[in-house]
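Participant: If it helps, the file is called coords14.cif and holds mmCIF, C-alpha atoms and all ligand atoms:
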```
data_coords
#
loop_
_atom_site.label_atom_id
_atom_site.label_comp_id
_atom_site.auth_asym_id
_atom_site.auth_seq_id
_atom_site.Cartn_x
_atom_site.Cartn_y
_atom_site.Cartn_z
CA MET A 19 86.95 71.87 64.78
CA TRP A 20 84.26 74.52 64.53
CA GLN A 21 82.50 76.41 61.80
CA TYR A 22 80.49 79.59 61.54
CA PHE A 23 77.51 80.19 59.28
CA MET A 24 74.90 82.92 59.64
CA PRO A 25 73.65 84.09 56.26
CA THR A 26 71.17 86.83 57.23
CA ARG A 27 71.84 90.39 56.07
CA VAL A 28 71.07 92.52 59.14
CA TYR A 29 70.01 96.17 58.97
CA PHE A 30 70.06 97.91 62.33
CA GLY A 31 68.98 101.42 63.30
CA GLU A 32 66.25 103.99 63.10
CA ARG A 33 64.20 103.74 59.88
CA CYS A 34 66.28 100.86 58.60
CA VAL A 35 63.33 99.34 56.71
CA GLU A 36 63.28 102.38 54.50
CA GLN A 37 67.03 102.47 54.17
CA GLY A 38 67.17 98.83 53.17
CA LYS A 39 64.41 99.08 50.59
CA ASP A 40 66.66 98.15 47.66
CA ALA A 41 67.37 94.83 49.30
CA LEU A 42 63.64 94.27 49.77
CA LYS A 43 63.01 95.19 46.16
CA SER A 44 65.53 92.63 44.98
CA LEU A 45 63.39 89.86 46.49
CA GLY A 46 60.55 90.33 44.02
CA LYS A 47 57.14 91.83 43.36
CA ARG A 48 54.67 90.15 45.71
CA ALA A 49 54.98 89.73 49.44
CA LEU A 50 52.95 87.89 52.04
CA VAL A 51 53.17 89.76 55.34
CA LEU A 52 52.41 87.86 58.55
CA THR A 53 51.89 89.74 61.78
CA GLY A 54 49.94 89.69 65.05
CA LYS A 55 46.54 91.22 65.72
CA ARG A 56 47.45 94.55 67.22
CA SER A 57 50.95 95.55 68.16
CA SER A 58 52.43 96.14 64.71
CA LYS A 59 49.57 98.54 63.97
CA GLU A 60 50.28 100.44 67.16
CA ASN A 61 54.08 100.65 67.12
CA GLY A 62 54.41 102.03 63.58
CA SER A 63 56.15 99.00 62.11
CA LEU A 64 53.32 97.89 59.82
CA ASP A 65 52.83 101.42 58.47
CA ASP A 66 56.55 101.77 57.79
CA LEU A 67 56.63 98.45 55.97
CA MET A 68 53.51 99.14 53.90
CA LYS A 69 54.85 102.54 52.84
CA VAL A 70 58.17 101.11 51.78
CA LEU A 71 56.58 98.22 49.88
CA ALA A 72 54.32 100.69 48.06
CA GLN A 73 57.30 102.92 47.21
CA ILE A 74 59.24 100.06 45.65
CA GLY A 75 56.21 98.67 43.83
CA VAL A 76 55.79 95.46 45.81
CA GLU A 77 52.21 94.23 46.13
CA MET A 78 51.35 92.72 49.49
CA GLU A 79 48.82 90.46 51.11
CA LEU A 80 48.40 90.81 54.84
CA PHE A 81 47.59 88.08 57.36
CA ASP A 82 47.28 89.84 60.72
CA ASP A 83 46.04 87.11 62.97
CA VAL A 84 49.21 85.33 64.10
CA GLU A 85 48.72 84.29 67.70
CA GLU A 86 51.32 83.88 70.45
CA ASN A 87 53.00 80.47 70.40
CA PRO A 88 51.91 79.54 66.85
CA THR A 89 50.37 76.13 66.33
CA PHE A 90 50.37 73.58 63.53
CA ASN A 91 46.76 74.57 62.88
CA LEU A 92 47.60 78.24 62.47
CA VAL A 93 50.21 77.34 59.87
CA ARG A 94 47.71 75.07 58.08
CA THR A 95 45.14 77.89 58.03
CA ILE A 96 47.56 80.40 56.52
CA VAL A 97 48.90 77.98 53.93
CA SER A 98 45.43 76.96 52.79
CA GLU A 99 44.29 80.60 52.63
CA PHE A 100 47.17 81.61 50.37
CA ALA A 101 47.99 78.38 48.52
CA GLN A 102 46.41 79.54 45.26
CA GLU A 103 48.38 82.79 45.13
CA SER A 104 51.93 83.33 44.15
CA PHE A 105 54.44 85.19 46.29
CA ASP A 106 58.10 86.10 45.92
CA PHE A 107 58.82 86.39 49.64
CA VAL A 108 57.29 86.17 53.12
CA VAL A 109 57.68 88.78 55.84
CA GLY A 110 57.36 87.95 59.55
CA LEU A 111 56.64 91.20 61.40
CA GLY A 112 56.34 91.16 65.21
CA GLY A 113 57.72 88.98 67.95
CA GLY A 114 59.05 85.45 67.58
CA SER A 115 55.56 84.14 66.83
CA PRO A 116 55.06 85.90 63.47
CA MET A 117 58.72 85.41 62.52
CA ASP A 118 58.58 81.67 63.25
CA THR A 119 55.26 81.34 61.44
CA ALA A 120 56.79 83.07 58.40
CA LYS A 121 59.54 80.43 58.29
CA ALA A 122 57.02 77.58 58.23
CA VAL A 123 54.81 79.28 55.65
CA ALA A 124 57.79 80.14 53.43
CA VAL A 125 58.68 76.45 53.17
CA LEU A 126 55.15 75.15 52.75
CA LEU A 127 54.03 77.65 50.09
CA LYS A 128 57.03 76.66 48.00
CA ASN A 129 56.44 72.93 48.56
CA PRO A 130 52.67 72.41 48.20
CA SER A 131 52.89 68.65 48.60
CA LEU A 132 54.34 68.92 52.11
CA LYS A 133 52.39 68.87 55.36
CA VAL A 134 53.35 70.88 58.42
CA GLU A 135 54.76 67.72 60.05
CA ASP A 136 57.20 67.39 57.13
CA LEU A 137 58.95 70.59 58.19
CA TYR A 138 60.70 68.48 60.85
CA ASP A 139 62.49 66.45 58.19
CA PRO A 140 64.55 69.03 56.26
CA SER A 141 65.69 66.39 53.79
CA LYS A 142 62.14 66.62 52.38
CA TYR A 143 62.61 70.14 51.04
CA SER A 144 65.28 71.98 49.14
CA GLU A 145 63.51 75.23 48.41
CA ALA A 146 61.63 77.91 50.33
CA LEU A 147 60.44 81.43 49.64
CA PRO A 148 62.90 84.03 50.92
CA ILE A 149 62.07 85.20 54.44
CA VAL A 150 62.26 88.74 55.79
CA ALA A 151 62.15 89.23 59.57
CA ILE A 152 61.27 92.44 61.37
CA PRO A 153 61.37 91.90 65.13
CA THR A 154 59.32 94.14 67.40
CA THR A 155 60.34 92.42 70.63
CA ALA A 156 63.92 92.17 71.90
CA GLY A 157 64.05 88.53 72.81
CA THR A 158 63.87 85.60 70.47
CA GLY A 159 66.59 86.52 67.96
CA SER A 160 64.48 84.57 65.45
CA GLU A 161 65.46 87.18 62.85
CA VAL A 162 68.93 85.61 62.69
CA THR A 163 68.21 81.97 63.46
CA GLN A 164 67.22 78.99 61.35
CA TYR A 165 64.73 77.82 64.00
CA SER A 166 60.98 78.00 64.10
CA VAL A 167 59.13 76.82 67.20
CA LEU A 168 55.58 75.56 66.63
CA THR A 169 53.10 73.94 68.98
CA ASP A 170 52.13 70.50 67.68
CA ASP A 171 48.66 68.97 67.74
CA ALA A 172 49.32 67.40 71.15
CA GLY A 173 50.15 70.81 72.62
CA PHE A 174 53.94 70.42 72.77
CA LYS A 175 56.31 73.06 71.49
CA ARG A 176 58.72 71.65 68.92
CA GLY A 177 61.37 73.47 66.97
CA PHE A 178 62.24 72.69 63.37
CA SER A 179 65.01 74.09 61.24
CA HIS A 180 66.70 73.78 57.91
CA PRO A 181 70.46 74.46 57.88
CA VAL A 182 70.07 77.17 55.21
CA LEU A 183 66.54 77.82 53.98
CA THR A 184 64.89 78.90 57.21
CA PHE A 185 67.41 81.64 57.99
CA PRO A 186 65.82 84.96 57.04
CA LYS A 187 67.47 86.57 54.02
CA LEU A 188 66.99 90.03 55.49
CA ALA A 189 66.40 91.30 59.02
CA PHE A 190 65.44 94.87 59.89
CA LEU A 191 65.97 95.92 63.51
CA ASP A 192 64.51 99.29 64.47
CA ALA A 193 64.29 99.71 68.23
CA ARG A 194 61.60 102.38 67.95
CA TYR A 195 59.15 99.51 67.45
CA THR A 196 59.97 98.18 70.92
CA LEU A 197 59.37 101.41 72.86
CA LYS A 198 55.81 100.55 73.84
CA LEU A 199 56.44 96.98 75.01
CA SER A 200 54.76 96.48 78.37
CA GLU A 201 56.84 95.83 81.46
CA SER A 202 55.88 92.19 81.48
CA LEU A 203 56.71 91.62 77.79
CA THR A 204 59.95 93.55 78.22
CA ARG A 205 60.89 91.25 81.10
CA SER A 206 59.92 87.99 79.45
CA THR A 207 61.53 88.78 76.10
CA GLY A 208 64.68 90.24 77.68
CA LEU A 209 65.05 87.10 79.79
CA ASP A 210 64.61 84.95 76.69
CA ALA A 211 67.60 86.73 75.13
CA LEU A 212 69.59 86.28 78.34
CA CYS A 213 68.82 82.55 78.33
CA HIS A 214 69.94 82.28 74.71
CA SER A 215 73.28 83.89 75.41
CA VAL A 216 73.96 82.08 78.69
CA GLU A 217 72.76 78.68 77.46
CA GLY A 218 74.74 79.08 74.24
CA PHE A 219 77.84 80.22 76.11
CA LEU A 220 77.76 77.14 78.34
CA SER A 221 76.69 74.72 75.61
CA LYS A 222 79.02 71.96 74.48
CA ARG A 223 78.50 73.42 71.00
CA ALA A 224 79.88 76.86 71.86
CA THR A 225 82.53 78.21 69.47
CA PRO A 226 85.01 81.12 69.78
CA ILE A 227 82.72 83.34 67.71
CA SER A 228 79.52 82.42 69.53
CA ASP A 229 81.35 83.08 72.82
CA LEU A 230 82.27 86.60 71.72
CA TYR A 231 78.65 87.33 70.89
CA ALA A 232 77.40 85.65 74.05
CA LYS A 233 79.64 87.66 76.36
CA LYS A 234 78.71 90.94 74.71
CA SER A 235 75.05 90.04 74.78
CA ILE A 236 75.12 89.12 78.48
CA GLU A 237 76.86 92.39 79.31
CA LEU A 238 74.33 94.41 77.34
CA ILE A 239 71.37 92.69 78.99
CA VAL A 240 72.72 93.04 82.53
CA GLU A 241 73.21 96.74 81.95
CA ASN A 242 70.11 97.55 79.92
CA LEU A 243 67.28 95.24 81.02
CA PRO A 244 66.93 96.96 84.42
CA ILE A 245 66.92 100.33 82.58
CA VAL A 246 64.19 99.47 80.07
CA LEU A 247 62.04 98.00 82.83
CA LYS A 248 62.10 101.37 84.59
CA GLN A 249 62.35 103.67 81.57
CA PRO A 250 60.44 101.94 78.77
CA GLU A 251 60.92 104.81 76.32
CA ASN A 252 64.70 105.01 76.67
CA LEU A 253 65.62 104.48 73.01
CA ARG A 254 69.34 103.96 73.62
CA ALA A 255 68.66 101.19 76.17
CA ARG A 256 66.01 99.64 73.87
CA GLU A 257 68.58 99.61 71.06
CA ASN A 258 71.04 97.88 73.31
CA MET A 259 68.44 95.24 74.19
CA LEU A 260 67.62 94.71 70.51
CA LEU A 261 71.31 94.34 69.71
CA ALA A 262 71.71 91.94 72.65
CA SER A 263 68.82 89.77 71.50
CA CYS A 264 70.17 89.71 67.94
CA LEU A 265 73.62 88.69 69.17
CA ALA A 266 72.00 86.05 71.38
CA GLY A 267 70.10 84.77 68.33
CA MET A 268 73.41 84.51 66.46
CA VAL A 269 74.74 82.53 69.43
CA ILE A 270 71.96 79.93 69.35
CA SER A 271 72.14 79.77 65.56
CA GLN A 272 75.52 78.11 66.23
CA THR A 273 74.89 76.31 69.51
CA SER A 274 71.10 75.70 69.75
CA THR A 275 69.38 76.28 73.06
CA THR A 276 69.90 73.87 75.94
CA VAL A 277 67.75 72.13 78.51
CA ALA A 278 66.38 75.30 80.15
CA HIS A 279 64.39 75.88 76.97
CA ALA A 280 63.14 72.31 76.83
CA LEU A 281 62.08 72.42 80.49
CA GLY A 282 60.25 75.71 79.97
CA TYR A 283 58.13 74.64 77.00
CA PRO A 284 55.31 72.89 78.93
CA LEU A 285 55.01 75.85 81.30
CA THR A 286 54.26 78.00 78.26
CA THR A 287 51.90 75.71 76.39
CA PHE A 288 50.00 74.28 79.35
CA LYS A 289 50.30 77.04 81.99
CA ASN A 290 50.46 80.22 79.92
CA ILE A 291 53.79 81.36 81.32
CA ARG A 292 55.55 83.48 78.69
CA HIS A 293 58.44 81.75 76.94
CA GLY A 294 61.27 83.88 78.37
CA GLU A 295 60.11 83.56 81.96
CA ALA A 296 59.34 79.86 81.61
CA THR A 297 62.90 79.32 80.39
CA ALA A 298 64.61 81.63 82.88
CA ALA A 299 63.00 79.69 85.74
CA PHE A 300 65.61 76.97 85.02
CA LEU A 301 68.61 79.10 84.08
CA ASP A 302 70.34 79.02 87.48
CA VAL A 303 70.56 75.23 87.34
CA VAL A 304 71.98 75.20 83.83
CA VAL A 305 74.74 77.49 85.10
CA GLU A 306 75.28 75.50 88.29
CA GLN A 307 75.51 72.21 86.42
CA ALA A 308 78.16 73.60 84.06
CA SER A 309 80.48 74.62 86.90
CA MET A 310 82.48 71.37 87.00
CA GLU A 311 83.13 71.38 83.26
CA VAL A 312 83.68 75.06 82.41
CA PRO A 313 84.38 76.80 85.73
CA GLU A 314 85.89 79.91 84.15
CA LYS A 315 82.78 80.46 82.01
CA VAL A 316 80.49 79.95 84.98
CA GLU A 317 82.60 82.43 86.91
CA PHE A 318 82.18 84.97 84.08
CA VAL A 319 78.39 84.55 84.09
CA ASN A 320 78.07 84.70 87.86
CA SER A 321 80.31 87.67 88.30
CA ILE A 322 78.66 89.75 85.60
CA LEU A 323 75.13 88.88 86.75
CA GLY A 324 76.02 89.15 90.42
CA GLY A 325 74.73 85.57 90.71
CA VAL A 326 72.03 84.23 88.38
CA SER A 327 69.26 84.04 90.98
CA ASN A 328 70.05 87.52 92.25
CA PHE A 329 69.78 89.01 88.80
CA LEU A 330 66.54 87.16 88.04
CA LYS A 331 65.09 88.43 91.30
CA LEU A 332 66.28 91.95 90.59
CA VAL A 333 64.34 92.03 87.30
CA GLY A 334 61.26 90.56 88.94
CA LEU A 335 61.16 86.94 87.77
CA ASN A 336 58.71 84.86 89.77
CA VAL A 337 57.31 81.72 88.16
CA ARG A 338 54.76 79.73 90.19
CA VAL A 339 52.29 77.30 88.64
CA GLU A 340 49.87 74.57 89.60
CA ILE A 341 51.23 71.22 88.43
CA ASN A 342 49.40 67.95 89.07
CA GLU A 343 51.06 64.56 89.52
CA GLU A 344 50.29 63.37 86.02
CA GLU A 345 51.77 66.50 84.47
CA LEU A 346 54.84 66.14 86.63
CA GLU A 347 55.38 62.58 85.40
CA VAL A 348 54.73 63.31 81.71
CA TRP A 349 56.84 66.47 81.59
CA THR A 350 59.71 64.84 83.43
CA LYS A 351 59.74 61.80 81.14
CA ARG A 352 59.60 64.05 78.10
CA ALA A 353 62.38 66.35 79.30
CA LYS A 354 64.59 63.34 80.04
CA ASN A 355 64.54 62.46 76.35
CA VAL A 356 65.01 65.84 74.70
CA PRO A 357 67.94 66.19 72.29
CA HIS A 358 69.04 69.38 74.09
CA LEU A 359 70.57 67.21 76.82
CA GLN A 360 73.26 66.00 74.44
CA TRP A 361 74.88 69.44 74.40
CA THR A 362 73.85 70.68 77.86
CA ARG A 363 76.65 70.40 80.41
CA GLY A 364 76.21 68.59 83.71
CA ASN A 365 73.98 65.72 84.66
CA PHE A 366 70.26 66.32 84.35
CA THR A 367 68.93 63.15 85.92
CA GLU A 368 65.25 62.30 86.09
CA GLU A 369 65.33 63.18 89.80
CA LEU A 370 66.84 66.58 89.14
CA ILE A 371 64.32 67.38 86.41
CA LYS A 372 61.44 66.36 88.64
CA TYR A 373 62.84 68.47 91.46
CA LEU A 374 63.06 71.47 89.10
CA TYR A 375 59.39 71.18 88.22
CA GLU A 376 58.55 70.72 91.92
CA ARG A 377 60.45 73.92 92.57
CA VAL A 378 58.10 76.05 90.42
CA LYS A 379 55.02 74.21 91.63
CA ILE A 380 52.57 75.92 93.99
CA HIS A 381 52.38 73.67 97.04
P1 LIG B 1 55.28 86.84 70.59
O1 LIG B 1 54.66 85.55 70.97
O2 LIG B 1 55.66 87.04 69.18
O3 LIG B 1 54.32 88.02 71.01
C1 LIG B 1 53.88 88.12 72.35
C2 LIG B 1 52.99 89.32 72.52
O4 LIG B 1 53.77 90.50 72.33
C3 LIG B 1 51.85 89.42 71.54
O5 LIG B 1 50.69 89.68 72.28
C4 LIG B 1 52.21 90.60 70.66
O6 LIG B 1 51.07 91.31 70.25
C5 LIG B 1 53.03 91.45 71.60
N1 LIG B 1 53.99 92.35 70.96
C6 LIG B 1 54.90 92.07 70.00
N2 LIG B 1 55.63 93.17 69.70
C7 LIG B 1 55.16 94.16 70.48
C8 LIG B 1 55.50 95.55 70.64
N3 LIG B 1 56.49 96.09 69.94
N4 LIG B 1 54.82 96.28 71.54
C9 LIG B 1 53.82 95.72 72.27
N5 LIG B 1 53.45 94.43 72.17
C10 LIG B 1 54.11 93.65 71.29
O7 LIG B 1 56.52 87.12 71.57
P2 LIG B 1 58.06 86.71 71.55
O8 LIG B 1 58.46 86.53 72.94
O9 LIG B 1 58.81 87.65 70.70
O10 LIG B 1 58.08 85.30 70.80
C11 LIG B 1 57.82 84.10 71.49
C12 LIG B 1 57.78 82.98 70.50
O11 LIG B 1 59.05 82.84 69.86
C13 LIG B 1 57.49 81.65 71.18
O12 LIG B 1 56.65 80.89 70.36
C14 LIG B 1 58.87 81.04 71.30
O13 LIG B 1 58.82 79.63 71.40
C15 LIG B 1 59.51 81.50 70.02
N6 LIG B 1 60.99 81.52 70.02
C16 LIG B 1 61.63 81.30 68.84
C17 LIG B 1 63.01 81.32 68.77
C18 LIG B 1 63.70 81.07 67.45
O14 LIG B 1 64.93 81.00 67.39
N7 LIG B 1 62.97 80.93 66.39
C19 LIG B 1 63.76 81.58 69.91
C20 LIG B 1 63.08 81.83 71.08
C21 LIG B 1 61.71 81.81 71.12
P3 LIG B 1 50.42 91.13 68.78
O15 LIG B 1 49.99 89.70 68.69
O16 LIG B 1 49.32 92.10 68.74
O17 LIG B 1 51.51 91.43 67.80
ZN ZN B 2 64.00 81.27 73.65
#
```
The structure given in the file should be rewritten as C-alpha cells.
Ligand code: NAP
Ligand code: ZN
Facilitator:
Amino acid sequence: MWQYFMPTRVYFGERCVEQGKDALKSLGKRALVLTGKRSSKENGSLDDLMKVLAQIGVEMELFDDVEENPTFNLVRTIVSEFAQESFDFVVGLGGGSPMDTAKAVAVLLKNPSLKVEDLYDPSKYSEALPIVAIPTTAGTGSEVTQYSVLTDDAGFKRGFSHPVLTFPKLAFLDARYTLKLSESLTRSTGLDALCHSVEGFLSKRATPISDLYAKKSIELIVENLPIVLKQPENLRARENMLLASCLAGMVISQTSTTVAHALGYPLTTFKNIRHGEATAAFLDVVVEQASMEVPEKVEFVNSILGGVSNFLKLVGLNVRVEINEEELEVWTKRAKNVPHLQWTRGNFTEELIKYLYERVKIH
C-alpha cells in the first residue's frame, strides 16, 4: 500500500511571482516576509515580491535577519517581535533557512500559547497561517515539503513537521534568483538535492511516484550540476537544477531523508560544514548499504552517476574536519538512535557509524 500527498501549488518559470499574483492575493491582506540579510536584496527576488505585493494591495512587514541553520532562539525572537500584529500569511524568501523559519513562525503566530518545542508534537496544533515559499537556492526543496529543520538549544538540528499545515500553500520558483549563487553554495545546495533524491529513492518508504521524481531529479543533477559550477549564469542549467531540487523535495515529502542526513547534522552545527556537503559525505555508504536489498536501484544510481564517489569527486566534494574523542562518542551514540534508521536500508551498526565519522576526521 502507498499513498501520495503533496498539496503545494507550484509556479515555475521566469517572473512567476508576478504571474501568480492572484493566488497570492487570495491569501489575504497582510503578509510577514522572512528572508536573510543580503542575498534576496541582491538577486532581485525581494524587489519582485515587494512590487507584486504592492500591486495587489497586500501590506507587508519584513524581517530580514534570518541566519543560516535557524535556531530555536531565532524563531522565538521573530515570534515575540510580531506576536501583537495580525497577519494573513507568512512568506519564506531565500534558501532553506528562511523557508523553514517561515513554517515555524506560521504555526506559532497562529497558536500563541505554544512554545517552539511544541512544534515537535503536531497533535498540539490544528491551525497555522498559510505559508508561501520562494526558494533562491536549488537544494533543500523545502518549498514542497512539510519539514522544517531547526537547531535546538543544545545545538542539534532537529526536523519537525505537520502532515498538512507545514506544507507551503504556494511555491514560486524563478531560477533567475539563483544565477549569482557562489560556486560553493551551488555545490553544497546541489548536493543536498542529490542526497534527497538518492536517499528517497533507496528509502524503505519509496513509492512508485517518488521513484519517478527521484530518477528524473538524479538525471537532471548529474547533467546540470557540473554545468552550473562552471557556467554560473547559464539560466537553462539553473532552471534544471531548480526543477531537480523541487522534484527531490517532492521525493522526501513522501519518503523523508535517511541516515546520511542524520549523520551530517553535527558536521553542520558544530563544524560549520554546509548542510549539502555534510550530508553528501555519507551518501556513498547509503548507496552501498542498499545494494543487498535493492540491487537494481543501486545499479541505476551507480550507472547514472558513474559511481557515487566519482561523481562527488568530480563536483569537488571534500569534507575534512577536526573531531575529538568526546564528539565522536556523542555523535555516534546519537546517530545510532535516530528515527531515520528505521527506513534506511542496510545495517548501520555503531561500528560503521563511528568509522564513517573517523573517515571525515583530520588525523
Ligand atoms: P540557507 O541556509 O538558506 O542559506 C545559505 C546562504 O546562502 C546564506 O548565506 C544566504 O544568504 C545565501 N543565499 C541564499 N540564496 C542565495 C542566492 N540566490 N544567491 C546568493 N546567496 C544566496 O541555504 P540552504 O542550503 O538553501 O538551506 C539550508 C537549510 O535548509 C539548513 O538549515 C537545512 O537543514 C535546511 N533543510 C531543510 C529541508 C526541508 O525539507 N525543510 C531540506 C534540506 C535542508 P542570505 O542569508 O543573505 O540570504
Ligand atoms: Zn537536505
Participant: Neighbouring residues of ligand LIG 1 (chain B) are defined here as those with any atom at most 7 Å from a ligand atom, counting only C-alpha atoms and all ligand atoms; list them as a ChimeraX atom specification.
Facilitator: /A:53-58,61,84-88,112-116,118,154-160,163-168,195-200,203,206-207,210,267,293-294
Participant: State, in Å with one decimal place, the distance from atom CA of Ala308 of chain A to atom CA of Asn258 of chain A.
Facilitator: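 Interatomic distance, atom CA of Ala308 of chain A to atom CA of Asn258 of chain A: 27.5 Å.
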Participant: Between A:Cys264, A:Arg27, A:Val70, A:Ala211, which one has atoms that come closest to Ile149 of chain A, using all atoms listed in the file?
Facilitator: A:Arg27
Participant: Skip Arg377 of chain A itself and residues of its chain fewer than 5 positions away, then list as an mmCIF file with C-alpha atoms, in the coordinates of the input all residues within 12 Å of it, counting all atoms listed in the file.
Facilitator:
```cif
data_model
loop_
_atom_site.group_PDB
_atom_site.id
_atom_site.type_symbol
_atom_site.label_atom_id
_atom_site.label_comp_id
_atom_site.auth_asym_id
_atom_site.auth_seq_id
_atom_site.Cartn_x
_atom_site.Cartn_y
_atom_site.Cartn_z
ATOM 1 C CA ALA A 299 63.000 79.690 85.740
ATOM 2 C CA PHE A 300 65.610 76.970 85.020
ATOM 3 C CA VAL A 303 70.560 75.230 87.340
ATOM 4 C CA ASN A 336 58.710 84.860 89.770
ATOM 5 C CA VAL A 337 57.310 81.720 88.160
ATOM 6 C CA ARG A 338 54.760 79.730 90.190
ATOM 7 C CA VAL A 339 52.290 77.300 88.640
ATOM 8 C CA GLU A 340 49.870 74.570 89.600
ATOM 9 C CA ILE A 341 51.230 71.220 88.430
ATOM 10 C CA LEU A 346 54.840 66.140 86.630
ATOM 11 C CA LEU A 370 66.840 66.580 89.140
ATOM 12 C CA ILE A 371 64.320 67.380 86.410
ATOM 13 C CA LYS A 372 61.440 66.360 88.640
#
```
Participant: Return the padded bounding box of segment 288-291 of chain A as AutoDock Vina command-line options: axis-aligned, built from all atoms listed in the file, 6 Å added on each side, with centre and edge lengths in Å to one decimal.
Facilitator:
```
--center_x 51.9 --center_y 77.8 --center_z 80.7 --size_x 15.8 --size_y 19.1 --size_z 14.6
```
Participant: Rounded to one decimal place, report the atom CA of Tyr143 of chain A-atom CA of Asn129 of chain A distance in Å.
Facilitator: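 Taking atom CA of Tyr143 of chain A as the start and atom CA of Asn129 of chain A as the end point, the length is 7.2 Å.
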Participant: Pick the closest to ligand ZN 2 (chain B) from A:Ala72, A:Val108, A:Leu301, A:Leu247: which is it, counting only C-alpha atoms and all ligand atoms?
Facilitator: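 For ligand ZN 2 (chain B), the nearest of the candidates is A:Leu301.
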Participant: At what distance in Å, to one decimal, does atom CA of Gly110 of chain A lie from atom CA of Pro357 of chain A?
Facilitator: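 According to the coordinates, atom CA of Pro357 of chain A and atom CA of Gly110 of chain A are separated by 27.3 Å.
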Participant: I'd like the neighbourhood of Gly364 of chain A as a PyMOL selection string, where a residue qualifies if any of its atoms comes within 8 Å (using all atoms listed in the file), though same-chain residues fewer than 4 positions away should be ignored.
Facilitator: chain A and resi 304+307-308+310-311
Participant: Return the single residue from A:Thr297, A:Gln37, A:Ser131, A:Gln360 that is closest to Leu374 of chain A, with distances computed using only C-alpha atoms.
Facilitator: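 Among the listed residues, A:Thr297 lies closest to Leu374 of chain A.
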Participant: List every protein, DNA or RNA residue with an atom no more than 12 Å from (82.1, 84.1, 73.6) in the file's coordinates, counting all atoms listed in the file, and format the result as a ChimeraX atom specification.
Facilitator: /A:215-221,223-237,265-266,268-270,272-273,314-315,318-319
Participant: With distances taken over only C-alpha atoms, which of A:Leu183, A:Asn365, A:Glu32, A:Glu343 is nearest to Ser309 of chain A?
Facilitator: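 Using only C-alpha atoms, Ser309 of chain A sits closest to A:Asn365.
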Participant: Restore N, CA and C atoms in segment 198-213 of chain A and list the result as an mmCIF file, in the frame of the given file.
Facilitator:
```cif
data_model
loop_
_atom_site.group_PDB
_atom_site.id
_atom_site.type_symbol
_atom_site.label_atom_id
_atom_site.label_comp_id
_atom_site.auth_asym_id
_atom_site.auth_seq_id
_atom_site.Cartn_x
_atom_site.Cartn_y
_atom_site.Cartn_z
ATOM 1 N N LYS A 198 57.077 100.651 73.105
ATOM 2 C CA LYS A 198 55.810 100.550 73.840
ATOM 3 C C LYS A 198 55.574 99.147 74.428
ATOM 4 N N LEU A 199 56.608 98.315 74.399
ATOM 5 C CA LEU A 199 56.440 96.980 75.010
ATOM 6 C C LEU A 199 56.107 97.149 76.486
ATOM 7 N N SER A 200 55.144 96.388 76.962
ATOM 8 C CA SER A 200 54.760 96.480 78.370
ATOM 9 C C SER A 200 55.906 95.991 79.258
ATOM 10 N N GLU A 201 55.802 96.289 80.534
ATOM 11 C CA GLU A 201 56.840 95.830 81.460
ATOM 12 C C GLU A 201 56.948 94.306 81.424
ATOM 13 N N SER A 202 55.799 93.655 81.393
ATOM 14 C CA SER A 202 55.880 92.190 81.480
ATOM 15 C C SER A 202 56.451 91.570 80.192
ATOM 16 N N LEU A 203 56.107 92.142 79.025
ATOM 17 C CA LEU A 203 56.710 91.620 77.790
ATOM 18 C C LEU A 203 58.188 91.985 77.699
ATOM 19 N N THR A 204 58.543 93.158 78.214
ATOM 20 C CA THR A 204 59.950 93.550 78.220
ATOM 21 C C THR A 204 60.750 92.554 79.060
ATOM 22 N N ARG A 205 60.193 92.193 80.207
ATOM 23 C CA ARG A 205 60.890 91.250 81.100
ATOM 24 C C ARG A 205 60.998 89.884 80.437
ATOM 25 N N SER A 206 59.877 89.369 79.946
ATOM 26 C CA SER A 206 59.920 87.990 79.450
ATOM 27 C C SER A 206 60.797 87.895 78.197
ATOM 28 N N THR A 207 60.726 88.882 77.314
ATOM 29 C CA THR A 207 61.530 88.780 76.100
ATOM 30 C C THR A 207 63.012 89.032 76.405
ATOM 31 N N GLY A 208 63.283 89.987 77.304
ATOM 32 C CA GLY A 208 64.680 90.240 77.680
ATOM 33 C C GLY A 208 65.307 89.017 78.339
ATOM 34 N N LEU A 209 64.516 88.311 79.139
ATOM 35 C CA LEU A 209 65.050 87.100 79.790
ATOM 36 C C LEU A 209 65.249 85.979 78.768
ATOM 37 N N ASP A 210 64.413 85.949 77.748
ATOM 38 C CA ASP A 210 64.610 84.950 76.690
ATOM 39 C C ASP A 210 65.993 85.166 76.053
ATOM 40 N N ALA A 211 66.288 86.431 75.731
ATOM 41 C CA ALA A 211 67.600 86.730 75.130
ATOM 42 C C ALA A 211 68.728 86.342 76.088
ATOM 43 N N LEU A 212 68.549 86.643 77.370
ATOM 44 C CA LEU A 212 69.590 86.280 78.340
ATOM 45 C C LEU A 212 69.799 84.759 78.357
ATOM 46 N N CYS A 213 68.700 84.020 78.342
ATOM 47 C CA CYS A 213 68.820 82.550 78.330
ATOM 48 C C CYS A 213 69.553 82.085 77.078
#
```
